[in-house]
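Dumped start09.txt below, it's compact mmCIF, C-alpha atoms and all ligand atoms:
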```txt
# COMPACT_ATOMS: atom_id res chain seq x y z
CA MET A 14 -10.02 0.93 68.89
CA PRO A 15 -7.71 -0.26 66.07
CA GLY A 16 -9.34 -0.63 62.68
CA ARG A 17 -9.81 -4.00 60.98
CA LEU A 18 -7.31 -3.07 58.25
CA GLU A 19 -4.38 -1.70 60.27
CA ASN A 20 -1.14 -2.51 58.35
CA VAL A 21 -3.05 -3.03 55.09
CA LYS A 22 -1.59 -1.22 52.07
CA ALA A 23 -4.21 -1.44 49.35
CA VAL A 24 -4.35 -0.60 45.64
CA ILE A 25 -7.92 -0.06 44.40
CA THR A 26 -8.59 0.11 40.65
CA GLY A 27 -11.69 1.92 39.41
CA GLY A 28 -11.31 3.92 42.62
CA GLY A 29 -13.28 6.85 41.22
CA GLY A 30 -16.47 4.86 40.59
CA ALA A 31 -19.37 4.11 42.92
CA ILE A 32 -18.04 0.84 44.41
CA GLY A 33 -14.36 1.84 44.21
CA MET A 34 -14.90 5.09 46.07
CA ALA A 35 -17.02 3.44 48.77
CA THR A 36 -14.36 0.74 49.15
CA ALA A 37 -11.53 3.26 49.43
CA GLU A 38 -13.49 5.15 52.06
CA ALA A 39 -14.23 1.99 54.06
CA PHE A 40 -10.57 0.94 53.89
CA LEU A 41 -9.42 4.35 55.14
CA ARG A 42 -11.92 4.23 58.02
CA GLU A 43 -10.56 0.79 58.98
CA GLY A 44 -6.99 2.09 59.14
CA ALA A 45 -5.58 1.05 55.76
CA LEU A 46 -3.21 3.03 53.58
CA VAL A 47 -4.92 3.35 50.20
CA PHE A 48 -3.72 3.97 46.64
CA VAL A 49 -6.58 4.69 44.22
CA THR A 50 -6.22 4.48 40.49
CA ASP A 51 -8.64 5.17 37.66
CA TYR A 52 -8.73 5.88 33.96
CA ASN A 53 -7.52 9.49 33.89
CA THR A 54 -6.04 12.31 35.97
CA GLU A 55 -9.28 14.22 36.31
CA ILE A 56 -11.09 11.25 37.92
CA VAL A 57 -8.15 10.47 40.21
CA ASP A 58 -7.80 14.10 41.35
CA ARG A 59 -11.53 14.35 42.09
CA THR A 60 -11.42 11.05 43.99
CA LEU A 61 -8.39 12.01 46.07
CA LYS A 62 -10.01 15.32 46.98
CA SER A 63 -13.11 13.52 48.31
CA LEU A 64 -11.15 10.85 50.14
CA LYS A 65 -8.73 13.25 51.83
CA VAL A 66 -11.71 14.51 53.82
CA VAL A 67 -11.79 11.03 55.39
CA SER A 68 -8.04 10.54 55.84
CA ASP A 69 -4.66 11.75 54.62
CA SER A 70 -3.51 8.16 54.14
CA VAL A 71 -4.61 8.14 50.52
CA PHE A 72 -2.54 8.42 47.36
CA GLY A 73 -3.18 7.78 43.69
CA CYS A 74 -2.30 8.09 40.03
CA PRO A 75 -4.11 7.37 36.76
CA ALA A 76 -3.70 4.17 34.76
CA ASP A 77 -5.67 2.52 31.99
CA VAL A 78 -5.92 -1.05 33.27
CA THR A 79 -5.76 -2.36 29.71
CA SER A 80 -2.26 -0.91 29.21
CA LYS A 81 0.58 -3.06 30.52
CA SER A 82 3.00 -0.09 30.69
CA GLU A 83 0.54 2.20 32.50
CA VAL A 84 -0.30 -0.57 34.97
CA ALA A 85 3.41 -1.23 35.61
CA PHE A 86 4.03 2.48 36.24
CA MET A 87 1.00 2.73 38.54
CA MET A 88 1.91 -0.35 40.60
CA ASP A 89 5.45 0.91 41.09
CA ALA A 90 4.12 4.32 42.16
CA ALA A 91 1.74 2.60 44.58
CA ALA A 92 4.50 0.48 46.13
CA ARG A 93 6.63 3.59 46.64
CA SER A 94 3.75 5.68 48.07
CA LEU A 95 2.58 2.93 50.44
CA ASN A 96 6.04 1.48 51.16
CA GLY A 97 4.87 -1.91 49.86
CA ILE A 98 1.54 -3.47 48.87
CA THR A 99 -0.50 -6.05 50.81
CA ALA A 100 -3.83 -5.91 48.98
CA LEU A 101 -5.07 -5.45 45.42
CA ILE A 102 -8.72 -4.69 44.73
CA ASN A 103 -9.38 -5.27 41.01
CA ASN A 104 -12.54 -3.24 40.64
CA ALA A 105 -12.33 -1.23 37.38
CA GLY A 106 -15.04 -2.33 35.02
CA THR A 107 -17.21 -1.31 32.12
CA VAL A 108 -20.41 -2.45 30.47
CA SER A 109 -22.10 -2.33 27.10
CA PRO A 110 -25.75 -3.27 27.63
CA GLY A 111 -27.76 -4.35 24.62
CA TYR A 112 -28.51 -7.29 22.36
CA LEU A 113 -25.44 -9.18 21.19
CA VAL A 114 -26.33 -8.67 17.53
CA ASP A 115 -26.05 -4.91 18.09
CA GLN A 116 -22.65 -5.00 19.81
CA SER A 117 -19.80 -3.59 17.74
CA THR A 118 -16.37 -5.20 17.76
CA ALA A 119 -15.15 -2.08 19.57
CA ASP A 120 -17.76 -2.65 22.33
CA ILE A 121 -16.77 -6.30 22.65
CA ASP A 122 -13.06 -5.43 22.80
CA ARG A 123 -13.58 -2.66 25.36
CA VAL A 124 -15.65 -4.77 27.77
CA THR A 125 -13.36 -7.79 27.43
CA ASN A 126 -10.18 -5.77 27.78
CA VAL A 127 -11.22 -3.72 30.82
CA ASN A 128 -13.07 -6.44 32.73
CA LEU A 129 -10.80 -9.40 32.07
CA LYS A 130 -7.45 -8.33 30.60
CA GLY A 131 -7.35 -5.44 33.12
CA VAL A 132 -7.77 -7.84 36.04
CA ILE A 133 -5.06 -10.11 34.62
CA LEU A 134 -2.58 -7.27 33.97
CA CYS A 135 -3.08 -5.67 37.39
CA THR A 136 -2.73 -9.03 39.15
CA GLN A 137 0.42 -9.84 37.19
CA ALA A 138 1.94 -6.45 37.99
CA ALA A 139 1.05 -6.62 41.69
CA ILE A 140 2.47 -10.08 42.45
CA PRO A 141 6.14 -9.05 42.77
CA TYR A 142 5.19 -6.28 45.18
CA LEU A 143 2.71 -8.17 47.36
CA ASP A 144 4.07 -8.84 50.82
CA LYS A 145 4.38 -12.62 51.13
CA SER A 146 4.26 -12.63 54.94
CA LYS A 147 1.33 -10.46 55.93
CA ASN A 148 -1.96 -12.05 54.86
CA SER A 149 -1.73 -10.41 51.45
CA SER A 150 -4.73 -10.72 49.19
CA ILE A 151 -6.20 -10.00 45.79
CA THR A 152 -9.95 -9.49 45.53
CA SER A 153 -11.65 -8.83 42.20
CA THR A 154 -15.11 -7.58 41.35
CA SER A 155 -17.08 -10.17 39.46
CA SER A 156 -20.89 -9.86 39.24
CA GLN A 157 -24.07 -11.84 39.69
CA ALA A 158 -24.11 -11.48 35.91
CA GLY A 159 -21.16 -13.87 35.82
CA LYS A 160 -23.23 -16.55 37.55
CA ARG A 161 -26.64 -16.35 35.92
CA GLY A 162 -27.99 -15.11 32.62
CA TRP A 163 -28.37 -11.34 32.71
CA ASN A 164 -30.54 -10.04 29.88
CA GLN A 165 -28.73 -7.96 27.24
CA ASN A 166 -25.36 -8.28 28.96
CA ALA A 167 -23.79 -11.35 27.36
CA VAL A 168 -20.25 -10.06 26.87
CA TYR A 169 -20.22 -8.45 30.31
CA SER A 170 -21.51 -11.70 31.86
CA ALA A 171 -18.81 -13.69 30.07
CA THR A 172 -16.04 -11.44 31.41
CA LYS A 173 -17.41 -11.60 34.95
CA ALA A 174 -17.58 -15.41 34.83
CA ALA A 175 -13.99 -15.36 33.58
CA VAL A 176 -12.92 -13.24 36.57
CA ILE A 177 -14.16 -16.05 38.84
CA GLY A 178 -12.22 -18.70 36.91
CA PHE A 179 -9.08 -16.56 36.87
CA SER A 180 -9.33 -15.83 40.60
CA ARG A 181 -9.74 -19.51 41.49
CA ALA A 182 -6.72 -20.49 39.42
CA MET A 183 -4.66 -17.71 41.00
CA ALA A 184 -5.82 -18.78 44.46
CA VAL A 185 -4.10 -22.10 43.81
CA GLU A 186 -1.07 -20.58 42.08
CA LEU A 187 -0.37 -18.01 44.80
CA ALA A 188 -1.11 -20.20 47.83
CA PRO A 189 -0.10 -20.38 50.61
CA ASN A 190 1.02 -16.76 50.95
CA ILE A 191 -1.43 -14.70 48.94
CA ARG A 192 -5.21 -15.22 49.12
CA VAL A 193 -7.29 -14.62 46.00
CA ASN A 194 -11.07 -14.15 46.07
CA SER A 195 -13.81 -12.38 44.18
CA ILE A 196 -17.04 -10.59 45.03
CA ALA A 197 -20.22 -10.89 42.99
CA PRO A 198 -22.36 -7.81 43.62
CA GLY A 199 -25.99 -7.66 42.59
CA HIS A 200 -27.45 -4.44 41.23
CA ILE A 201 -26.38 -1.54 43.40
CA LYS A 202 -28.62 1.48 43.80
CA ASP A 203 -25.84 4.09 43.71
CA GLU A 204 -25.04 5.69 40.39
CA GLY A 205 -22.86 3.11 38.65
CA MET A 206 -23.30 0.28 36.26
CA ALA A 207 -26.86 -0.57 37.14
CA TRP A 208 -27.74 2.90 35.86
CA ALA A 209 -25.95 2.21 32.61
CA ALA A 210 -28.12 -0.89 32.23
CA PHE A 211 -31.21 1.21 32.97
CA ALA A 212 -30.31 3.64 30.21
CA LYS A 213 -30.87 0.82 27.72
CA ARG A 214 -34.26 -0.14 29.24
CA LYS A 215 -35.91 3.24 28.94
CA GLU A 216 -38.53 1.81 26.64
CA THR A 217 -39.87 -0.14 29.64
CA TYR A 218 -39.12 2.10 32.64
CA GLN A 219 -39.67 5.84 33.13
CA THR A 220 -37.16 6.33 35.94
CA VAL A 221 -34.25 4.45 37.44
CA GLU A 222 -36.33 4.11 40.62
CA ASP A 223 -39.09 2.26 38.71
CA PHE A 224 -36.48 -0.01 37.22
CA SER A 225 -34.92 -0.66 40.64
CA VAL A 226 -38.20 -1.33 42.44
CA ASP A 227 -39.40 -3.68 39.73
CA LEU A 228 -36.11 -5.52 39.69
CA ALA A 229 -36.02 -5.82 43.47
CA GLU A 230 -39.59 -7.06 43.72
CA THR A 231 -39.35 -9.58 40.93
CA GLU A 232 -35.79 -10.88 41.23
CA ILE A 233 -34.26 -10.27 44.65
CA PRO A 234 -35.35 -12.29 47.70
CA LEU A 235 -34.39 -9.50 50.13
CA ARG A 236 -36.57 -7.16 47.99
CA ARG A 237 -34.02 -4.36 47.86
CA LEU A 238 -31.04 -3.30 45.80
CA GLN A 239 -27.65 -3.22 47.48
CA SER A 240 -25.51 -0.14 48.06
CA ALA A 241 -21.88 0.51 47.14
CA THR A 242 -21.15 0.40 50.87
CA ASP A 243 -22.60 -3.12 51.10
CA ILE A 244 -20.04 -4.21 48.50
CA ALA A 245 -17.25 -2.25 50.23
CA ASN A 246 -18.01 -4.16 53.45
CA GLY A 247 -17.32 -7.39 51.58
CA PHE A 248 -13.95 -6.09 50.39
CA VAL A 249 -13.08 -5.06 53.95
CA PHE A 250 -13.92 -8.53 55.25
CA LEU A 251 -12.06 -10.48 52.56
CA THR A 252 -8.97 -8.28 52.98
CA SER A 253 -8.97 -8.42 56.79
CA ASN A 254 -7.34 -10.98 59.07
CA GLU A 255 -10.86 -12.29 59.79
CA ALA A 256 -10.68 -13.87 56.32
CA SER A 257 -7.14 -15.24 56.71
CA GLU A 258 -8.34 -18.81 55.98
CA ILE A 259 -10.49 -17.85 53.00
CA THR A 260 -9.19 -18.18 49.46
CA GLY A 261 -10.78 -19.12 46.13
CA VAL A 262 -14.30 -18.05 47.15
CA VAL A 263 -16.86 -15.89 45.39
CA LEU A 264 -18.78 -13.79 47.90
CA ASN A 265 -22.32 -13.09 46.67
CA ILE A 266 -23.59 -9.68 47.81
CA GLY A 267 -26.84 -9.47 45.95
CA GLY A 268 -29.71 -9.88 48.38
CA GLY A 269 -30.06 -13.56 47.45
CA VAL A 270 -30.43 -13.07 43.69
CA VAL A 271 -27.91 -15.91 43.33
CA MET A 272 -27.51 -18.44 46.15
CA ASP A 273 -24.79 -20.86 45.08
N1 LIG B 301 -23.10 -1.26 39.83
C1 LIG B 301 -23.52 -2.53 39.84
O1 LIG B 301 -24.72 -2.78 39.98
C2 LIG B 301 -22.52 -3.65 39.70
C3 LIG B 301 -22.97 -4.96 39.82
C4 LIG B 301 -22.08 -6.01 39.71
C5 LIG B 301 -20.74 -5.75 39.46
N2 LIG B 301 -20.31 -4.47 39.33
C6 LIG B 301 -18.88 -4.27 39.09
O2 LIG B 301 -18.37 -3.42 40.09
C7 LIG B 301 -17.24 -2.70 39.57
C8 LIG B 301 -17.45 -1.22 39.85
O3 LIG B 301 -18.64 -0.79 39.21
P1 LIG B 301 -19.43 0.55 39.59
O4 LIG B 301 -20.86 0.22 39.68
O5 LIG B 301 -18.75 1.22 40.74
O6 LIG B 301 -19.26 1.35 38.23
P2 LIG B 301 -18.60 2.76 37.94
O7 LIG B 301 -18.78 2.99 36.48
O8 LIG B 301 -19.11 3.76 38.90
O9 LIG B 301 -17.03 2.48 38.24
C9 LIG B 301 -16.18 1.81 37.35
C10 LIG B 301 -14.85 2.56 37.37
O10 LIG B 301 -13.92 1.86 36.51
C11 LIG B 301 -13.19 2.84 35.79
N3 LIG B 301 -12.65 2.31 34.54
C12 LIG B 301 -13.35 1.96 33.42
N4 LIG B 301 -12.48 1.62 32.45
C13 LIG B 301 -11.22 1.75 32.96
C14 LIG B 301 -9.92 1.53 32.44
N5 LIG B 301 -9.71 1.12 31.16
N6 LIG B 301 -8.86 1.76 33.25
C15 LIG B 301 -9.04 2.18 34.53
N7 LIG B 301 -10.26 2.40 35.07
C16 LIG B 301 -11.33 2.18 34.29
C17 LIG B 301 -14.21 3.94 35.51
O11 LIG B 301 -13.55 5.16 35.18
C18 LIG B 301 -15.00 3.98 36.80
O12 LIG B 301 -14.46 4.92 37.72
C19 LIG B 301 -17.16 -3.04 38.09
O13 LIG B 301 -16.17 -4.04 37.88
C20 LIG B 301 -18.54 -3.59 37.79
O14 LIG B 301 -18.55 -4.46 36.70
C21 LIG B 301 -21.16 -3.43 39.46
```
Take the structure from the file and write it as structure tokens.
Ligand SMILES: NC(=O)c1ccc[n+]([C@@H]2O[C@H](COP(=O)([O-])OP(=O)(O)OC[C@H]3O[C@@H](n4cnc5c(N)ncnc54)[C@H](O)[C@@H]3O)[C@@H](O)[C@H]2O)c1
Amino acid sequence: MPGRLENVKAVITGGGGAIGMATAEAFLREGALVFVTDYNTEIVDRTLKSLKVVSDSVFGCPADVTSKSEVAFMMDAAARSLNGITALINNAGTVSPGYLVDQSTADIDRVTNVNLKGVILCTQAAIPYLDKSKNSSITSTSSQAGKRGWNQNAVYSATKAAVIGFSRAMAVELAPNIRVNSIAPGHIKDEGMAWAAFAKRKETYQTVEDFSVDLAETEIPLRRLQSATDIANGFVFLTSNEASEITGVVLNIGGGVVMD
């Protein structure tokens, strides 16, 4: 049976992280050609090694998403490796949990640059390469934190709200040929950013499991955290032809923690 992403040629940023890796794997299983990129060579090499077990249709190179020249080089390499690009998954992200008064200017710059400027630079670099005739799409990782107040994550929340605004504006600008959407994951249970948030809450919780169970029971209607694969499934859907009439949306995948 053909996969749901046959003919898709996808670039995935933050491909070495929990959600990026799960998304790359899901895309490969659905028949896509995949180009993964991440911050440095070591992460990209490790990621490619894992993904080649799934499929040989995977390529990659490092790029710091905050660097215009590195992003330009990476996007050109992706277009050559994949013989064109039809999908961009803007997924690289970083976090700096803690009270705002304790955040250094370096923390604020890092989170803002990776989570917002990185999405803007990668989108800008991808546009000339995106196939204008094949249901091309850009999907970016926002967060439930961008929709509701998330304790001790103000700068992160601001960047994730900005990703939604940027994606909606680009959905209008790039219509009718390129669809632009975003996904707002809740806390995922795989090692990733939720764990970084836990590290700052150690005064309250002994283990990440305690933190997760408490969070799920108090805040999430479905009473469970999501997995990286749950988020990957959303990226598969929004990139597939099944979503060919969907642009400008924010897909909540958070067990009901936000319902707008
Ligand atoms: N884990 C969660 O609970 C959660 C919830 C909501 C949203 N998100 C978002 O999902 C995305 C993926 O998060 P994750 O949980 O997989 O975290 P992760 O830390 O496992 O992955 C993030 C990846 O981004 C890469 N990255 C960071 N800075 C970069 C830079 N300057 N250039 C290139 N790559 C860079 C990291 O190396 C890492 O591989 C992020 O945008 C995050 O904000 C995560």
Exercise for review: Compute the set of protein, DNA and RNA residues whose minimum atom distance to ligand LIG 301 (chain B) is at most 8 Å, using only C-alpha atoms and all ligand atoms, and state it as number ranges by chain.
Suggested key: A: 26-34, 50-53, 56, 75-80, 103-108, 123, 126-128, 131, 153-158, 169, 173, 197-208, 241
Would you put the residues from that selection into a file with C-alpha atoms, as a PDB file, keeping the file's coordinate frame?
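Written output follows (selection22.pdb):
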```pdb
ATOM      1  CA  THR A  26      -8.590   0.110  40.650  1.00  0.00           C
ATOM      2  CA  GLY A  27     -11.690   1.920  39.410  1.00  0.00           C
ATOM      3  CA  GLY A  28     -11.310   3.920  42.620  1.00  0.00           C
ATOM      4  CA  GLY A  29     -13.280   6.850  41.220  1.00  0.00           C
ATOM      5  CA  GLY A  30     -16.470   4.860  40.590  1.00  0.00           C
ATOM      6  CA  ALA A  31     -19.370   4.110  42.920  1.00  0.00           C
ATOM      7  CA  ILE A  32     -18.040   0.840  44.410  1.00  0.00           C
ATOM      8  CA  GLY A  33     -14.360   1.840  44.210  1.00  0.00           C
ATOM      9  CA  MET A  34     -14.900   5.090  46.070  1.00  0.00           C
ATOM     10  CA  THR A  50      -6.220   4.480  40.490  1.00  0.00           C
ATOM     11  CA  ASP A  51      -8.640   5.170  37.660  1.00  0.00           C
ATOM     12  CA  TYR A  52      -8.730   5.880  33.960  1.00  0.00           C
ATOM     13  CA  ASN A  53      -7.520   9.490  33.890  1.00  0.00           C
ATOM     14  CA  ILE A  56     -11.090  11.250  37.920  1.00  0.00           C
ATOM     15  CA  PRO A  75      -4.110   7.370  36.760  1.00  0.00           C
ATOM     16  CA  ALA A  76      -3.700   4.170  34.760  1.00  0.00           C
ATOM     17  CA  ASP A  77      -5.670   2.520  31.990  1.00  0.00           C
ATOM     18  CA  VAL A  78      -5.920  -1.050  33.270  1.00  0.00           C
ATOM     19  CA  THR A  79      -5.760  -2.360  29.710  1.00  0.00           C
ATOM     20  CA  SER A  80      -2.260  -0.910  29.210  1.00  0.00           C
ATOM     21  CA  ASN A 103      -9.380  -5.270  41.010  1.00  0.00           C
ATOM     22  CA  ASN A 104     -12.540  -3.240  40.640  1.00  0.00           C
ATOM     23  CA  ALA A 105     -12.330  -1.230  37.380  1.00  0.00           C
ATOM     24  CA  GLY A 106     -15.040  -2.330  35.020  1.00  0.00           C
ATOM     25  CA  THR A 107     -17.210  -1.310  32.120  1.00  0.00           C
ATOM     26  CA  VAL A 108     -20.410  -2.450  30.470  1.00  0.00           C
ATOM     27  CA  ARG A 123     -13.580  -2.660  25.360  1.00  0.00           C
ATOM     28  CA  ASN A 126     -10.180  -5.770  27.780  1.00  0.00           C
ATOM     29  CA  VAL A 127     -11.220  -3.720  30.820  1.00  0.00           C
ATOM     30  CA  ASN A 128     -13.070  -6.440  32.730  1.00  0.00           C
ATOM     31  CA  GLY A 131      -7.350  -5.440  33.120  1.00  0.00           C
ATOM     32  CA  SER A 153     -11.650  -8.830  42.200  1.00  0.00           C
ATOM     33  CA  THR A 154     -15.110  -7.580  41.350  1.00  0.00           C
ATOM     34  CA  SER A 155     -17.080 -10.170  39.460  1.00  0.00           C
ATOM     35  CA  SER A 156     -20.890  -9.860  39.240  1.00  0.00           C
ATOM     36  CA  GLN A 157     -24.070 -11.840  39.690  1.00  0.00           C
ATOM     37  CA  ALA A 158     -24.110 -11.480  35.910  1.00  0.00           C
ATOM     38  CA  TYR A 169     -20.220  -8.450  30.310  1.00  0.00           C
ATOM     39  CA  LYS A 173     -17.410 -11.600  34.950  1.00  0.00           C
ATOM     40  CA  ALA A 197     -20.220 -10.890  42.990  1.00  0.00           C
ATOM     41  CA  PRO A 198     -22.360  -7.810  43.620  1.00  0.00           C
ATOM     42  CA  GLY A 199     -25.990  -7.660  42.590  1.00  0.00           C
ATOM     43  CA  HIS A 200     -27.450  -4.440  41.230  1.00  0.00           C
ATOM     44  CA  ILE A 201     -26.380  -1.540  43.400  1.00  0.00           C
ATOM     45  CA  LYS A 202     -28.620   1.480  43.800  1.00  0.00           C
ATOM     46  CA  ASP A 203     -25.840   4.090  43.710  1.00  0.00           C
ATOM     47  CA  GLU A 204     -25.040   5.690  40.390  1.00  0.00           C
ATOM     48  CA  GLY A 205     -22.860   3.110  38.650  1.00  0.00           C
ATOM     49  CA  MET A 206     -23.300   0.280  36.260  1.00  0.00           C
ATOM     50  CA  ALA A 207     -26.860  -0.570  37.140  1.00  0.00           C
ATOM     51  CA  TRP A 208     -27.740   2.900  35.860  1.00  0.00           C
ATOM     52  CA  ALA A 241     -21.880   0.510  47.140  1.00  0.00           C
TER      53      ALA A 241
END
```
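Candidate residues A:Thr252, A:Thr220, A:Thr231, A:Thr260 were compared for distance to Ala182 in chain A, and the nearest is A:Thr260, using all atoms listed in the file.
The spacing separating CA of Ala139 in chain A from CA of Glu38 in chain A amounts to 21.4 Å.
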**Study point:** Contacts of Ala92 in chain A at 9 Å (all atoms listed in the file; same-chain gap of 6+ positions) as a VMD selection string
**Key:** chain A and resid 22 24 48 98 142 to 143
Practice item. Find the spatial neighbours of Val71 in chain A, counting only C-alpha atoms, within a cut-off of 8 Å - ignore same-chain residues fewer than 2 positions away - and output them as a list in words. Key: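 My list of contacting residues is Leu41, Leu46, Val47, Phe48, Val49, Leu61, Leu64, Lys65, Ser68, Asp69 and Gly73 of chain A.
When all atoms listed in the file are used to compute distances to Ile151 in chain A, the closest of the residues A:Asn246, A:Pro110, A:Asp223, A:Ala23 turns out to be A:Ala23.
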Review point. Quick one: residues within 8 Å of Met87 in chain A, all atoms listed in the file counted, chain neighbours fewer than 2 positions away excluded, as a list of chain:residue names?
Key: A:Thr50, A:Cys74, A:Pro75, A:Ala76, A:Glu83, A:Val84, A:Ala85, A:Asp89, A:Ala90, A:Ala91
**Study point:** Distance query Ile121 in chain A at most 12 Å, only C-alpha atoms, self and fewer than 2 positions along chain excluded, as a PyMOL selection string
**Key:** chain A and resi 107-119+123-129+166-172
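Remark: for Glu258 in chain A, the closest of the candidate residues A:Ala184, A:Met14, A:Ala100, A:Ala229 is A:Ala184 (distances computed over only C-alpha atoms).
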Point to revise | Spatial neighbours of Leu264 in chain A, 9 Å, all atoms listed in the file, chain gap at least 4 places, as a PyMOL selection string | key: chain A and resi 194-198+247+251
Check your understanding: Looking at A:Arg192, A:Lys147, A:Lys160, A:Arg237, which one is nearest to Ala175 in chain A, with distances taken over all atoms listed in the file?
Key ->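 Ranked by minimum distance to Ala175 in chain A, first place goes to A:Lys160.
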Exercise for review: Select, from A:Asn96, A:Arg236, A:Asp58, A:Gln137, the residue with the minimum atom-to-atom distance to Leu187 in chain A, counting all atoms listed in the file.
Suggested key: A:Gln137
The centre and edge lengths of an axis-aligned box containing all atoms of range 240-243 of chain A present in the file, extended by 5 Å on each side, are to be given in Å to one decimal, as AutoDock Vina command-line options.
```
--center_x -23.3 --center_y -1.3 --center_z 49.1 --size_x 14.4 --size_y 13.6 --size_z 14.0
```
**Study point:** Atomic separation - CA of Asn190 in chain A relative to CA of Ser146 in chain A, Å
**Key:** 6.6 Å
Please fill the gaps in range 59-74 of chain A so it has N, CA and C atoms, and write that as a compact mmCIF listing (two decimals), in the coordinates of the input.
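New file part22.txt:
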```txt
# COMPACT_ATOMS: atom_id res chain seq x y z
N ARG A 59 -10.23 14.16 41.45
CA ARG A 59 -11.53 14.35 42.09
C ARG A 59 -11.70 13.34 43.23
N THR A 60 -11.28 12.12 42.99
CA THR A 60 -11.42 11.05 43.99
C THR A 60 -10.55 11.34 45.21
N LEU A 61 -9.30 11.74 44.94
CA LEU A 61 -8.39 12.01 46.07
C LEU A 61 -8.92 13.17 46.91
N LYS A 62 -9.48 14.18 46.24
CA LYS A 62 -10.01 15.32 46.98
C LYS A 62 -11.12 14.87 47.93
N SER A 63 -12.02 14.02 47.46
CA SER A 63 -13.11 13.52 48.31
C SER A 63 -12.58 12.66 49.45
N LEU A 64 -11.62 11.81 49.13
CA LEU A 64 -11.15 10.85 50.14
C LEU A 64 -10.28 11.50 51.19
N LYS A 65 -9.60 12.58 50.84
CA LYS A 65 -8.73 13.25 51.83
C LYS A 65 -9.54 13.87 52.96
N VAL A 66 -10.84 14.05 52.73
CA VAL A 66 -11.71 14.51 53.82
C VAL A 66 -11.80 13.42 54.90
N VAL A 67 -11.71 12.17 54.46
CA VAL A 67 -11.79 11.03 55.39
C VAL A 67 -10.45 10.80 56.07
N SER A 68 -9.36 10.83 55.29
CA SER A 68 -8.04 10.54 55.84
C SER A 68 -6.96 11.04 54.89
N ASP A 69 -5.80 11.35 55.46
CA ASP A 69 -4.66 11.75 54.62
C ASP A 69 -3.90 10.55 54.08
N SER A 70 -4.28 9.36 54.53
CA SER A 70 -3.51 8.16 54.14
C SER A 70 -3.89 7.66 52.77
N VAL A 71 -4.16 8.57 51.85
CA VAL A 71 -4.61 8.14 50.52
C VAL A 71 -3.76 8.79 49.44
N PHE A 72 -3.40 7.99 48.46
CA PHE A 72 -2.54 8.42 47.36
C PHE A 72 -3.18 7.92 46.06
N GLY A 73 -2.60 8.30 44.93
CA GLY A 73 -3.18 7.78 43.69
C GLY A 73 -2.47 8.28 42.46
N CYS A 74 -2.73 7.61 41.35
CA CYS A 74 -2.30 8.09 40.03
C CYS A 74 -3.18 7.40 38.99
```
